[in-house]
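Pasted below: start03.cif, mmCIF, C-alpha atoms and all ligand atoms.
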data_target
#
loop_
_atom_site.group_PDB
_atom_site.id
_atom_site.type_symbol
_atom_site.label_atom_id
_atom_site.label_comp_id
_atom_site.auth_asym_id
_atom_site.auth_seq_id
_atom_site.Cartn_x
_atom_site.Cartn_y
_atom_site.Cartn_z
ATOM 1 C CA MET A 1 0.000 0.000 0.000
ATOM 2 C CA ASP A 2 1.140 3.496 -0.759
ATOM 3 C CA THR A 3 1.424 5.890 2.135
ATOM 4 C CA ALA A 4 2.025 9.604 2.330
ATOM 5 C CA THR A 5 2.671 11.269 5.637
ATOM 6 C CA LEU A 6 3.667 14.762 6.510
ATOM 7 C CA ALA A 7 3.980 17.305 9.266
ATOM 8 C CA ALA A 8 4.746 15.783 12.662
ATOM 9 C CA ALA A 9 7.131 13.122 11.311
ATOM 10 C CA GLY A 10 5.891 10.957 8.488
ATOM 11 C CA THR A 11 6.363 9.245 5.190
ATOM 12 C CA ILE A 12 5.025 9.723 1.706
ATOM 13 C CA GLN A 13 4.801 6.774 -0.632
ATOM 14 C CA ALA A 14 2.465 7.790 -3.370
ATOM 15 C CA SER A 15 1.661 7.733 -7.053
ATOM 16 C CA LYS A 16 -0.104 10.358 -9.100
ATOM 17 C CA ILE A 17 -1.080 9.676 -12.684
ATOM 18 C CA TYR A 18 -2.667 12.327 -14.894
ATOM 19 C CA GLY A 19 -4.674 11.294 -17.935
ATOM 20 C CA SER A 20 -4.859 7.774 -19.346
ATOM 21 C CA GLY A 21 -3.733 5.746 -22.347
ATOM 22 C CA ASP A 22 -1.501 7.675 -24.735
ATOM 23 C CA THR A 23 -1.741 10.841 -22.695
ATOM 24 C CA GLU A 24 -0.927 9.205 -19.349
ATOM 25 C CA VAL A 25 1.662 11.102 -17.279
ATOM 26 C CA ARG A 26 3.173 9.525 -14.185
ATOM 27 C CA ALA A 27 3.728 12.778 -12.284
ATOM 28 C CA LEU A 28 4.643 10.889 -9.091
ATOM 29 C CA ASP A 29 5.947 7.383 -9.630
ATOM 30 C CA ASP A 30 5.771 5.578 -6.276
ATOM 31 C CA VAL A 31 7.573 8.325 -4.359
ATOM 32 C CA THR A 32 8.605 7.480 -0.792
ATOM 33 C CA VAL A 33 9.898 10.149 1.563
ATOM 34 C CA SER A 34 9.589 11.385 5.148
ATOM 35 C CA PHE A 35 9.075 14.927 6.379
ATOM 36 C CA ASP A 36 10.047 15.534 9.997
ATOM 37 C CA GLN A 37 8.500 18.250 12.070
ATOM 38 C CA GLY A 38 10.835 21.221 12.314
ATOM 39 C CA GLN A 39 12.697 20.247 9.182
ATOM 40 C CA PHE A 40 13.314 22.470 6.179
ATOM 41 C CA THR A 41 13.319 20.480 2.937
ATOM 42 C CA ALA A 42 14.100 21.839 -0.500
ATOM 43 C CA ILE A 43 12.857 20.049 -3.607
ATOM 44 C CA MET A 44 14.794 20.446 -6.844
ATOM 45 C CA GLY A 45 14.446 18.898 -10.254
ATOM 46 C CA PRO A 46 13.818 19.681 -13.902
ATOM 47 C CA SER A 47 10.586 21.239 -15.158
ATOM 48 C CA GLY A 48 7.865 18.592 -15.247
ATOM 49 C CA SER A 49 9.613 16.293 -12.759
ATOM 50 C CA GLY A 50 6.654 16.371 -10.346
ATOM 51 C CA LYS A 51 7.713 18.977 -7.756
ATOM 52 C CA SER A 52 4.455 20.940 -7.710
ATOM 53 C CA THR A 53 2.409 17.743 -7.910
ATOM 54 C CA LEU A 54 4.205 16.375 -4.849
ATOM 55 C CA MET A 55 3.467 19.516 -2.841
ATOM 56 C CA HIS A 56 -0.148 19.753 -3.994
ATOM 57 C CA CYS A 57 -0.727 16.125 -2.984
ATOM 58 C CA LEU A 58 0.975 16.613 0.383
ATOM 59 C CA ALA A 59 -1.163 19.658 1.094
ATOM 60 C CA GLY A 60 -4.357 17.860 0.104
ATOM 61 C CA LEU A 61 -4.943 20.185 -2.839
ATOM 62 C CA ASP A 62 -4.814 17.278 -5.260
ATOM 63 C CA ARG A 63 -5.807 13.649 -4.695
ATOM 64 C CA LEU A 64 -3.358 10.815 -5.192
ATOM 65 C CA THR A 65 -3.979 8.061 -7.723
ATOM 66 C CA SER A 66 -2.788 5.603 -5.101
ATOM 67 C CA GLY A 67 -1.478 6.042 -1.588
ATOM 68 C CA HIS A 68 -2.512 8.306 1.227
ATOM 69 C CA VAL A 69 -1.271 11.417 2.981
ATOM 70 C CA MET A 70 -0.974 11.746 6.740
ATOM 71 C CA VAL A 71 -0.844 15.178 8.371
ATOM 72 C CA GLY A 72 0.303 14.392 11.872
ATOM 73 C CA GLU A 73 -2.095 11.682 12.993
ATOM 74 C CA THR A 74 -4.669 12.533 10.337
ATOM 75 C CA ASN A 75 -5.071 10.567 7.141
ATOM 76 C CA ILE A 76 -6.121 13.415 4.893
ATOM 77 C CA SER A 77 -7.105 11.127 2.007
ATOM 78 C CA GLN A 78 -10.047 10.036 4.157
ATOM 79 C CA LEU A 79 -11.157 13.526 5.120
ATOM 80 C CA SER A 80 -14.241 15.156 3.630
ATOM 81 C CA GLU A 81 -13.613 18.262 1.526
ATOM 82 C CA LYS A 82 -14.939 20.330 4.411
ATOM 83 C CA ASP A 83 -12.550 18.854 6.983
ATOM 84 C CA LEU A 84 -9.707 19.040 4.504
ATOM 85 C CA THR A 85 -10.381 22.729 3.961
ATOM 86 C CA LEU A 86 -10.431 23.297 7.702
ATOM 87 C CA LEU A 87 -7.161 21.437 8.156
ATOM 88 C CA ARG A 88 -5.473 23.390 5.371
ATOM 89 C CA ARG A 89 -6.723 26.640 6.853
ATOM 90 C CA THR A 90 -5.431 25.912 10.338
ATOM 91 C CA LYS A 91 -2.261 23.871 9.800
ATOM 92 C CA ILE A 92 -0.917 24.605 6.355
ATOM 93 C CA GLY A 93 0.425 27.628 4.531
ATOM 94 C CA PHE A 94 0.909 27.406 0.785
ATOM 95 C CA VAL A 95 2.851 29.646 -1.589
ATOM 96 C CA PHE A 96 1.649 28.752 -5.071
ATOM 97 C CA GLN A 97 3.816 28.923 -8.145
ATOM 98 C CA ALA A 98 1.153 31.231 -9.650
ATOM 99 C CA PHE A 99 0.663 33.144 -6.342
ATOM 100 C CA ASN A 100 -3.178 32.737 -6.404
ATOM 101 C CA LEU A 101 -3.940 36.150 -4.936
ATOM 102 C CA ILE A 102 -7.510 37.464 -4.830
ATOM 103 C CA PRO A 103 -7.583 40.357 -7.351
ATOM 104 C CA THR A 104 -10.269 42.380 -5.562
ATOM 105 C CA LEU A 105 -8.460 42.401 -2.203
ATOM 106 C CA THR A 106 -5.549 44.614 -1.179
ATOM 107 C CA ALA A 107 -2.169 43.172 -0.278
ATOM 108 C CA ILE A 108 -2.866 43.212 3.465
ATOM 109 C CA GLU A 109 -6.350 41.741 2.955
ATOM 110 C CA ASN A 110 -4.808 38.934 0.915
ATOM 111 C CA ILE A 111 -2.205 38.333 3.621
ATOM 112 C CA THR A 112 -4.760 38.031 6.417
ATOM 113 C CA LEU A 113 -7.369 36.172 4.348
ATOM 114 C CA PRO A 114 -6.570 32.671 5.710
ATOM 115 C CA LEU A 115 -6.831 34.092 9.239
ATOM 116 C CA ASP A 116 -10.105 35.847 8.466
ATOM 117 C CA LEU A 117 -11.526 32.685 6.922
ATOM 118 C CA GLY A 118 -10.639 30.783 10.082
ATOM 119 C CA ARG A 119 -12.089 33.659 12.152
ATOM 120 C CA ASN A 120 -8.699 34.123 13.807
ATOM 121 C CA THR A 121 -7.331 37.502 14.799
ATOM 122 C CA PRO A 122 -3.896 38.112 13.342
ATOM 123 C CA ASP A 123 -0.982 38.292 15.764
ATOM 124 C CA GLN A 124 -0.108 41.936 14.991
ATOM 125 C CA GLU A 125 3.526 41.569 16.047
ATOM 126 C CA LEU A 126 4.029 38.554 13.780
ATOM 127 C CA LEU A 127 2.149 40.277 10.967
ATOM 128 C CA ASP A 128 4.404 43.338 11.225
ATOM 129 C CA GLU A 129 7.476 41.119 11.273
ATOM 130 C CA VAL A 130 6.320 39.159 8.224
ATOM 131 C CA VAL A 131 5.423 42.325 6.284
ATOM 132 C CA GLU A 132 8.834 43.758 7.204
ATOM 133 C CA ALA A 133 10.664 40.570 6.194
ATOM 134 C CA VAL A 134 9.032 40.529 2.771
ATOM 135 C CA GLY A 135 9.486 44.299 2.343
ATOM 136 C CA LEU A 136 5.851 45.196 1.681
ATOM 137 C CA ALA A 137 5.169 47.848 4.328
ATOM 138 C CA ASP A 138 4.499 50.592 1.746
ATOM 139 C CA ARG A 139 2.410 48.407 -0.578
ATOM 140 C CA LEU A 140 -0.227 47.028 1.780
ATOM 141 C CA LYS A 141 -3.129 49.009 0.317
ATOM 142 C CA HIS A 142 -2.364 48.006 -3.280
ATOM 143 C CA LYS A 143 -4.338 45.392 -5.167
ATOM 144 C CA PRO A 144 -2.452 42.597 -6.966
ATOM 145 C CA ASN A 145 -2.747 44.238 -10.414
ATOM 146 C CA GLU A 146 -1.093 47.344 -8.942
ATOM 147 C CA LEU A 147 1.904 45.290 -7.829
ATOM 148 C CA SER A 148 4.875 43.906 -9.755
ATOM 149 C CA GLY A 149 5.238 40.130 -10.133
ATOM 150 C CA GLY A 150 7.883 40.052 -7.424
ATOM 151 C CA GLN A 151 5.686 42.097 -5.072
ATOM 152 C CA GLN A 152 2.742 39.751 -5.686
ATOM 153 C CA GLN A 153 5.030 36.871 -4.867
ATOM 154 C CA ARG A 154 5.979 38.558 -1.593
ATOM 155 C CA VAL A 155 2.292 38.954 -0.714
ATOM 156 C CA ALA A 156 1.852 35.227 -1.351
ATOM 157 C CA VAL A 157 4.808 34.430 0.909
ATOM 158 C CA ALA A 158 3.513 36.714 3.658
ATOM 159 C CA ARG A 159 0.059 35.113 3.419
ATOM 160 C CA ALA A 160 1.591 31.673 3.978
ATOM 161 C CA LEU A 161 3.660 32.821 6.962
ATOM 162 C CA ALA A 162 1.237 35.161 8.740
ATOM 163 C CA SER A 163 -0.745 32.517 10.610
ATOM 164 C CA ARG A 164 2.389 30.633 11.691
ATOM 165 C CA PRO A 165 1.095 27.316 10.296
ATOM 166 C CA ASP A 166 2.641 23.983 11.309
ATOM 167 C CA VAL A 167 3.643 23.298 7.734
ATOM 168 C CA ILE A 168 4.531 25.669 4.914
ATOM 169 C CA PHE A 169 4.658 24.535 1.297
ATOM 170 C CA ALA A 170 6.352 27.058 -0.912
ATOM 171 C CA ASP A 171 6.590 26.590 -4.670
ATOM 172 C CA GLU A 172 9.538 28.711 -5.817
ATOM 173 C CA PRO A 173 8.872 31.430 -3.223
ATOM 174 C CA THR A 174 11.936 33.426 -4.238
ATOM 175 C CA GLY A 175 11.874 32.701 -7.979
ATOM 176 C CA ASN A 176 11.097 36.237 -9.206
ATOM 177 C CA LEU A 177 12.777 38.178 -6.422
ATOM 178 C CA ASP A 178 16.006 40.130 -6.349
ATOM 179 C CA SER A 179 18.688 38.282 -4.404
ATOM 180 C CA GLN A 180 18.467 40.522 -1.321
ATOM 181 C CA THR A 181 14.698 40.179 -0.874
ATOM 182 C CA GLY A 182 15.030 36.472 -1.611
ATOM 183 C CA ALA A 183 17.694 36.120 1.082
ATOM 184 C CA GLU A 184 15.539 37.989 3.612
ATOM 185 C CA ILE A 185 12.600 35.692 2.971
ATOM 186 C CA LEU A 186 14.785 32.588 3.160
ATOM 187 C CA GLU A 187 16.286 33.778 6.445
ATOM 188 C CA PHE A 188 12.806 34.369 7.799
ATOM 189 C CA MET A 189 11.769 30.866 6.767
ATOM 190 C CA ARG A 190 14.918 29.430 8.341
ATOM 191 C CA ARG A 191 14.005 31.207 11.600
ATOM 192 C CA ALA A 192 10.452 29.865 11.417
ATOM 193 C CA VAL A 193 11.963 26.378 11.483
ATOM 194 C CA ASN A 194 14.643 27.038 14.101
ATOM 195 C CA GLU A 195 12.595 29.139 16.525
ATOM 196 C CA PHE A 196 9.057 27.834 16.077
ATOM 197 C CA GLY A 197 9.600 24.286 14.869
ATOM 198 C CA GLN A 198 7.611 24.905 11.704
ATOM 199 C CA THR A 199 8.033 22.401 8.896
ATOM 200 C CA ILE A 200 8.892 23.790 5.482
ATOM 201 C CA VAL A 201 8.896 22.140 2.078
ATOM 202 C CA MET A 202 10.143 24.463 -0.643
ATOM 203 C CA VAL A 203 10.563 23.988 -4.373
ATOM 204 C CA THR A 204 13.442 25.949 -5.843
ATOM 205 C CA HIS A 205 15.675 25.973 -8.900
ATOM 206 C CA ASP A 206 18.292 28.036 -7.070
ATOM 207 C CA PRO A 207 21.141 26.155 -5.322
ATOM 208 C CA ASN A 208 21.745 29.176 -3.064
ATOM 209 C CA ALA A 209 18.121 29.077 -1.886
ATOM 210 C CA ALA A 210 18.175 25.296 -1.423
ATOM 211 C CA ALA A 211 21.291 25.675 0.760
ATOM 212 C CA TYR A 212 19.073 27.257 3.472
ATOM 213 C CA ALA A 213 17.347 23.888 3.878
ATOM 214 C CA ASP A 214 18.291 20.971 6.111
ATOM 215 C CA ARG A 215 17.897 18.594 3.236
ATOM 216 C CA VAL A 216 17.489 18.654 -0.522
ATOM 217 C CA LEU A 217 15.416 16.120 -2.469
ATOM 218 C CA PHE A 218 16.105 15.778 -6.177
ATOM 219 C CA LEU A 219 13.185 14.707 -8.356
ATOM 220 C CA ALA A 220 13.326 13.410 -11.930
ATOM 221 C CA ASP A 221 10.466 11.865 -13.906
ATOM 222 C CA GLY A 222 8.278 11.604 -10.819
ATOM 223 C CA LYS A 223 10.896 9.794 -8.743
ATOM 224 C CA ILE A 224 13.306 10.899 -6.033
ATOM 225 C CA VAL A 225 16.721 10.308 -7.528
ATOM 226 C CA ASP A 226 19.010 11.869 -4.927
ATOM 227 C CA GLU A 227 18.985 13.371 -1.442
ATOM 228 C CA LEU A 228 21.443 15.650 0.371
ATOM 229 C CA HIS A 229 21.612 16.494 4.073
ATOM 230 C CA ASP A 230 23.038 19.746 5.450
ATOM 231 C CA PRO A 231 23.529 20.975 1.906
ATOM 232 C CA THR A 232 25.842 23.717 0.753
ATOM 233 C CA THR A 233 25.618 25.555 -2.558
ATOM 234 C CA ASP A 234 28.675 23.583 -3.716
ATOM 235 C CA SER A 235 27.337 20.164 -2.713
ATOM 236 C CA ILE A 236 24.019 20.987 -4.407
ATOM 237 C CA LEU A 237 25.775 22.057 -7.599
ATOM 238 C CA THR A 238 27.783 18.823 -7.553
ATOM 239 C CA ALA A 239 24.604 16.763 -7.078
ATOM 240 C CA LEU A 240 22.859 18.664 -9.892
ATOM 241 C CA ARG A 241 25.768 17.786 -12.169
ATOM 242 C CA GLY A 242 25.118 14.151 -11.378
ATOM 243 C CA GLY A 243 27.340 13.658 -8.330
HETATM 244 N N1 LIG B 301 -3.561 18.837 -14.143
HETATM 245 C C1 LIG B 301 -2.708 18.146 -14.903
HETATM 246 N N2 LIG B 301 -3.148 17.378 -15.940
HETATM 247 C C2 LIG B 301 -2.303 16.661 -16.699
HETATM 248 N N3 LIG B 301 -0.972 16.613 -16.503
HETATM 249 C C3 LIG B 301 -0.466 17.358 -15.506
HETATM 250 C C4 LIG B 301 -1.295 18.161 -14.655
HETATM 251 N N4 LIG B 301 -0.510 18.791 -13.733
HETATM 252 C C5 LIG B 301 0.755 18.400 -14.019
HETATM 253 N N5 LIG B 301 0.781 17.535 -15.073
HETATM 254 C C6 LIG B 301 1.982 16.880 -15.634
HETATM 255 O O1 LIG B 301 2.635 16.202 -14.571
HETATM 256 C C7 LIG B 301 4.058 16.343 -14.692
HETATM 257 C C8 LIG B 301 4.605 16.981 -13.415
HETATM 258 O O2 LIG B 301 4.130 18.333 -13.345
HETATM 259 P P1 LIG B 301 4.557 19.309 -12.163
HETATM 260 O O3 LIG B 301 3.741 20.532 -12.316
HETATM 261 O O4 LIG B 301 4.485 18.579 -10.887
HETATM 262 O O5 LIG B 301 6.085 19.599 -12.530
HETATM 263 P P2 LIG B 301 7.138 20.566 -11.809
HETATM 264 O O6 LIG B 301 8.303 19.720 -11.400
HETATM 265 O O7 LIG B 301 6.469 21.364 -10.768
HETATM 266 O O8 LIG B 301 7.597 21.505 -13.034
HETATM 267 P P3 LIG B 301 7.991 23.089 -13.050
HETATM 268 O O9 LIG B 301 9.413 23.189 -12.563
HETATM 269 O O10 LIG B 301 7.883 23.433 -14.516
HETATM 270 O O11 LIG B 301 7.007 23.841 -12.220
HETATM 271 C C9 LIG B 301 4.292 17.155 -15.957
HETATM 272 O O12 LIG B 301 4.570 16.257 -17.009
HETATM 273 C C10 LIG B 301 2.988 17.872 -16.169
HETATM 274 O O13 LIG B 301 2.766 18.135 -17.532
HETATM 275 MG MG MG B 302 6.004 23.385 -10.608
#
Let's see the structure in the file written out as structure tokens.
Ligand SMILES: Nc1ncnc2c1ncn2[C@@H]1O[C@H](COP(=O)(O)OP(=O)(O)OP(=O)(O)O)[C@@H](O)[C@H]1O
Ligand SMILES: [Mg+2]
Amino acid sequence: MDTATLAAAGTIQASKIYGSGDTEVRALDDVTVSFDQGQFTAIMGPSGSGKSTLMHCLAGLDRLTSGHVMVGETNISQLSEKDLTLLRRTKIGFVFQAFNLIPTLTAIENITLPLDLGRNTPDQELLDEVVEAVGLADRLKHKPNELSGGQQQRVAVARALASRPDVIFADEPTGNLDSQTGAEILEFMRRAVNEFGQTIVMVTHDPNAAAYADRVLFLADGKIVDELHDPTTDSILTALRGG
């Protein structure tokens, strides 16, 4: 049986197939991996290797073809949509590759939306810190279409961090950012892990960004093909070149 576990220590062993027959794509081909609580994992791999699919399945945004996902003690594959939504809202922060901001809301409204939906009051100190870390203090009243791509990305990052969720999934959170803003966000994420025991899974193409993680997983064709612990930019570059 395939198993996928996450958050408070767990294992994923899962397959995800899109389409059928000639158009069948094995986006996750019997992937097995553990995510420990308080661990920062980076996921690297070529375009189409299954990185986003893996994160969507872990976060319960997409259903597996076979296997199941555990969040802590909860088997999320068996949850109703309603319970799944509640779990995502309370335990999980997600930075989407396409940001997924609400166009009619301002930056700050987007950032606090998950909190508002869960009827939680934002922790103002944390909110200020997050807004500061992503460098958005003077853009909070702007709507997404009044922001640059990089600024929209920072709103998406802030939204994922602002409720201090147990687990943060971030799909290329620093992809469009200048290196200084990117470094500030990565340092903030590193602190979230070190100081608050949050679990982070981050997709990145950047070896410098991946070096902030405790571990790097390398995906190819829906399989994990390599894994590094306590990575450095150099060891990641070596692994990317095929060891
Ligand atoms: N909804 C879908 N329907 C059909 N095929 C899909 C769907 N989503 C993803 N795929 C396919 O699954 C494979 C893995 O896609 P995925 O988005 O996980 O790749 P990725 O590693 O995130 O790539 P990138 O670096 O370009 O974001 C690809 O071949 C992709 O075309
Ligand atoms: Mg992707």
List the spatial neighbours of A:Pro144 as a PDB file with C-alpha atoms, keeping the file's coordinate frame - criterion: any atom at most 7 Å away, all atoms listed in the file, same-chain residues fewer than 6 positions off excluded.
ATOM      1  CA  LEU A 101      -3.940  36.150  -4.936  1.00  0.00           C
ATOM      2  CA  PRO A 103      -7.583  40.357  -7.351  1.00  0.00           C
ATOM      3  CA  THR A 106      -5.549  44.614  -1.179  1.00  0.00           C
ATOM      4  CA  ALA A 107      -2.169  43.172  -0.278  1.00  0.00           C
ATOM      5  CA  GLN A 152       2.742  39.751  -5.686  1.00  0.00           C
TER       6      GLN A 152
END
7 Å shell around ligand MG 302 (chain B) using all atoms listed in the file, listed as an mmCIF file with C-alpha atoms, in the frame of the given file:
data_model
loop_
_atom_site.group_PDB
_atom_site.id
_atom_site.type_symbol
_atom_site.label_atom_id
_atom_site.label_comp_id
_atom_site.auth_asym_id
_atom_site.auth_seq_id
_atom_site.Cartn_x
_atom_site.Cartn_y
_atom_site.Cartn_z
ATOM 1 C CA SER A 47 10.586 21.239 -15.158
ATOM 2 C CA GLY A 48 7.865 18.592 -15.247
ATOM 3 C CA LYS A 51 7.713 18.977 -7.756
ATOM 4 C CA SER A 52 4.455 20.940 -7.710
ATOM 5 C CA GLN A 97 3.816 28.923 -8.145
ATOM 6 C CA ASP A 171 6.590 26.590 -4.670
#
Original post:
Of the candidates A:Ala14, A:Ile92, A:Ile200, A:Cys57, which one gets nearest to ligand LIG 301 (chain B) if we count all atoms listed in the file?
Top reply: A:Cys57
Original post:
Expressed in Å to a single decimal, how great is the separation between atom N4 of ligand LIG 301 (chain B) and atom CA of A:Met44?
Top reply: 16.9 Å
Original post:
Which of these, A:Asp214, A:Glu146, A:Glu73, A:Asp138, has the shortest distance to A:Ile43 once you count all atoms listed in the file?
Top reply: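 Counting all atoms listed in the file, the residue closest to A:Ile43 is A:Asp214.
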Original post:
Taking the file as shown, what set of residues would the PyMOL selection byres (((chain A and resi 18) around 12) and not hetatm) give back, as a list in words?
Top reply: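 This file gives the following for the PyMOL selection byres (((chain A and resi 18) around 12) and not hetatm): Ser15, Lys16, Ile17, Gly19, Ser20, Gly21, Asp22, Thr23, Glu24, Val25, Arg26, Ala27, Leu28, Asp29, Gly50, Thr53, Asp62, Arg63, Leu64, Thr65, Ser66 and Gly222 of chain A.
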Original post:
Exactly which residues make up the result of the PyMOL selection byres (((chain A and resi 189-196) around 7) and not hetatm) on this file, given as a ChimeraX atom specification?
Top reply: /A:38-40,185-188,197-199,212
Subject >> Result set of the PyMOL selection byres (((chain A and resi 60) around 12) and not hetatm) on the coordinates above, as a ChimeraX atom specification >> reply: /A:4-6,53-59,61-64,68-71,74-89,91-94,169
Original post:
Mind pulling up the distance from atom CA of A:Ala210 to atom CA of A:Ala137?
Top reply: 26.7 Å
Original post:
Between atom CA of A:Lys223 and atom CA of A:Glu172, what is the spacing in Å?
Top reply: 19.2 Å
Subject >> Polymer residues at most 7 Å from stretch 108-120 of chain A, only C-alpha atoms, same-chain spacing of 3 or more positions, as a PyMOL selection string >> reply: chain A and resi 89+101-102+105+140-141+155+158-159+162-163
C-alpha atoms of the current selection, written as a PDB file, in the coordinates of the input:
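again_24.pdb, written as the output of this step:
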ATOM      1  CA  ARG A  89      -6.723  26.640   6.853  1.00  0.00           C
ATOM      2  CA  LEU A 101      -3.940  36.150  -4.936  1.00  0.00           C
ATOM      3  CA  ILE A 102      -7.510  37.464  -4.830  1.00  0.00           C
ATOM      4  CA  LEU A 105      -8.460  42.401  -2.203  1.00  0.00           C
ATOM      5  CA  LEU A 140      -0.227  47.028   1.780  1.00  0.00           C
ATOM      6  CA  LYS A 141      -3.129  49.009   0.317  1.00  0.00           C
ATOM      7  CA  VAL A 155       2.292  38.954  -0.714  1.00  0.00           C
ATOM      8  CA  ALA A 158       3.513  36.714   3.658  1.00  0.00           C
ATOM      9  CA  ARG A 159       0.059  35.113   3.419  1.00  0.00           C
ATOM     10  CA  ALA A 162       1.237  35.161   8.740  1.00  0.00           C
ATOM     11  CA  SER A 163      -0.745  32.517  10.610  1.00  0.00           C
TER      12      SER A 163
END
Pull stretch 118-132 of chain A out of the block and emit N, CA and C atoms, as a PDB file, in the first residue's frame.
ATOM      1  N   GLY A 118     -10.599  31.633   8.898  1.00  0.00           N
ATOM      2  CA  GLY A 118     -10.639  30.783  10.082  1.00  0.00           C
ATOM      3  C   GLY A 118     -11.131  31.538  11.312  1.00  0.00           C
ATOM      4  N   ARG A 119     -11.607  32.785  11.081  1.00  0.00           N
ATOM      5  CA  ARG A 119     -12.089  33.659  12.152  1.00  0.00           C
ATOM      6  C   ARG A 119     -11.044  33.821  13.255  1.00  0.00           C
ATOM      7  N   ASN A 120      -9.768  33.892  12.842  1.00  0.00           N
ATOM      8  CA  ASN A 120      -8.699  34.123  13.807  1.00  0.00           C
ATOM      9  C   ASN A 120      -8.202  35.556  13.689  1.00  0.00           C
ATOM     10  N   THR A 121      -7.891  36.160  14.812  1.00  0.00           N
ATOM     11  CA  THR A 121      -7.331  37.502  14.799  1.00  0.00           C
ATOM     12  C   THR A 121      -5.842  37.370  14.517  1.00  0.00           C
ATOM     13  N   PRO A 122      -5.330  38.188  13.601  1.00  0.00           N
ATOM     14  CA  PRO A 122      -3.896  38.112  13.342  1.00  0.00           C
ATOM     15  C   PRO A 122      -3.076  38.526  14.565  1.00  0.00           C
ATOM     16  N   ASP A 123      -1.960  37.884  14.755  1.00  0.00           N
ATOM     17  CA  ASP A 123      -0.982  38.292  15.764  1.00  0.00           C
ATOM     18  C   ASP A 123      -0.246  39.489  15.154  1.00  0.00           C
ATOM     19  N   GLN A 124      -0.579  40.717  15.648  1.00  0.00           N
ATOM     20  CA  GLN A 124      -0.108  41.936  14.991  1.00  0.00           C
ATOM     21  C   GLN A 124       1.420  42.003  14.941  1.00  0.00           C
ATOM     22  N   GLU A 125       2.056  41.524  16.000  1.00  0.00           N
ATOM     23  CA  GLU A 125       3.526  41.569  16.047  1.00  0.00           C
ATOM     24  C   GLU A 125       4.123  40.696  14.947  1.00  0.00           C
ATOM     25  N   LEU A 126       3.562  39.474  14.819  1.00  0.00           N
ATOM     26  CA  LEU A 126       4.029  38.554  13.780  1.00  0.00           C
ATOM     27  C   LEU A 126       3.742  39.134  12.396  1.00  0.00           C
ATOM     28  N   LEU A 127       2.548  39.696  12.247  1.00  0.00           N
ATOM     29  CA  LEU A 127       2.149  40.277  10.967  1.00  0.00           C
ATOM     30  C   LEU A 127       3.131  41.384  10.559  1.00  0.00           C
ATOM     31  N   ASP A 128       3.452  42.268  11.510  1.00  0.00           N
ATOM     32  CA  ASP A 128       4.404  43.338  11.225  1.00  0.00           C
ATOM     33  C   ASP A 128       5.760  42.769  10.817  1.00  0.00           C
ATOM     34  N   GLU A 129       6.173  41.728  11.535  1.00  0.00           N
ATOM     35  CA  GLU A 129       7.476  41.119  11.273  1.00  0.00           C
ATOM     36  C   GLU A 129       7.501  40.496   9.872  1.00  0.00           C
ATOM     37  N   VAL A 130       6.409  39.814   9.529  1.00  0.00           N
ATOM     38  CA  VAL A 130       6.320  39.159   8.224  1.00  0.00           C
ATOM     39  C   VAL A 130       6.319  40.214   7.112  1.00  0.00           C
ATOM     40  N   VAL A 131       5.515  41.265   7.287  1.00  0.00           N
ATOM     41  CA  VAL A 131       5.423  42.325   6.284  1.00  0.00           C
ATOM     42  C   VAL A 131       6.795  42.988   6.099  1.00  0.00           C
ATOM     43  N   GLU A 132       7.487  43.185   7.227  1.00  0.00           N
ATOM     44  CA  GLU A 132       8.834  43.758   7.204  1.00  0.00           C
ATOM     45  C   GLU A 132       9.791  42.830   6.449  1.00  0.00           C
TER      46      GLU A 132
END
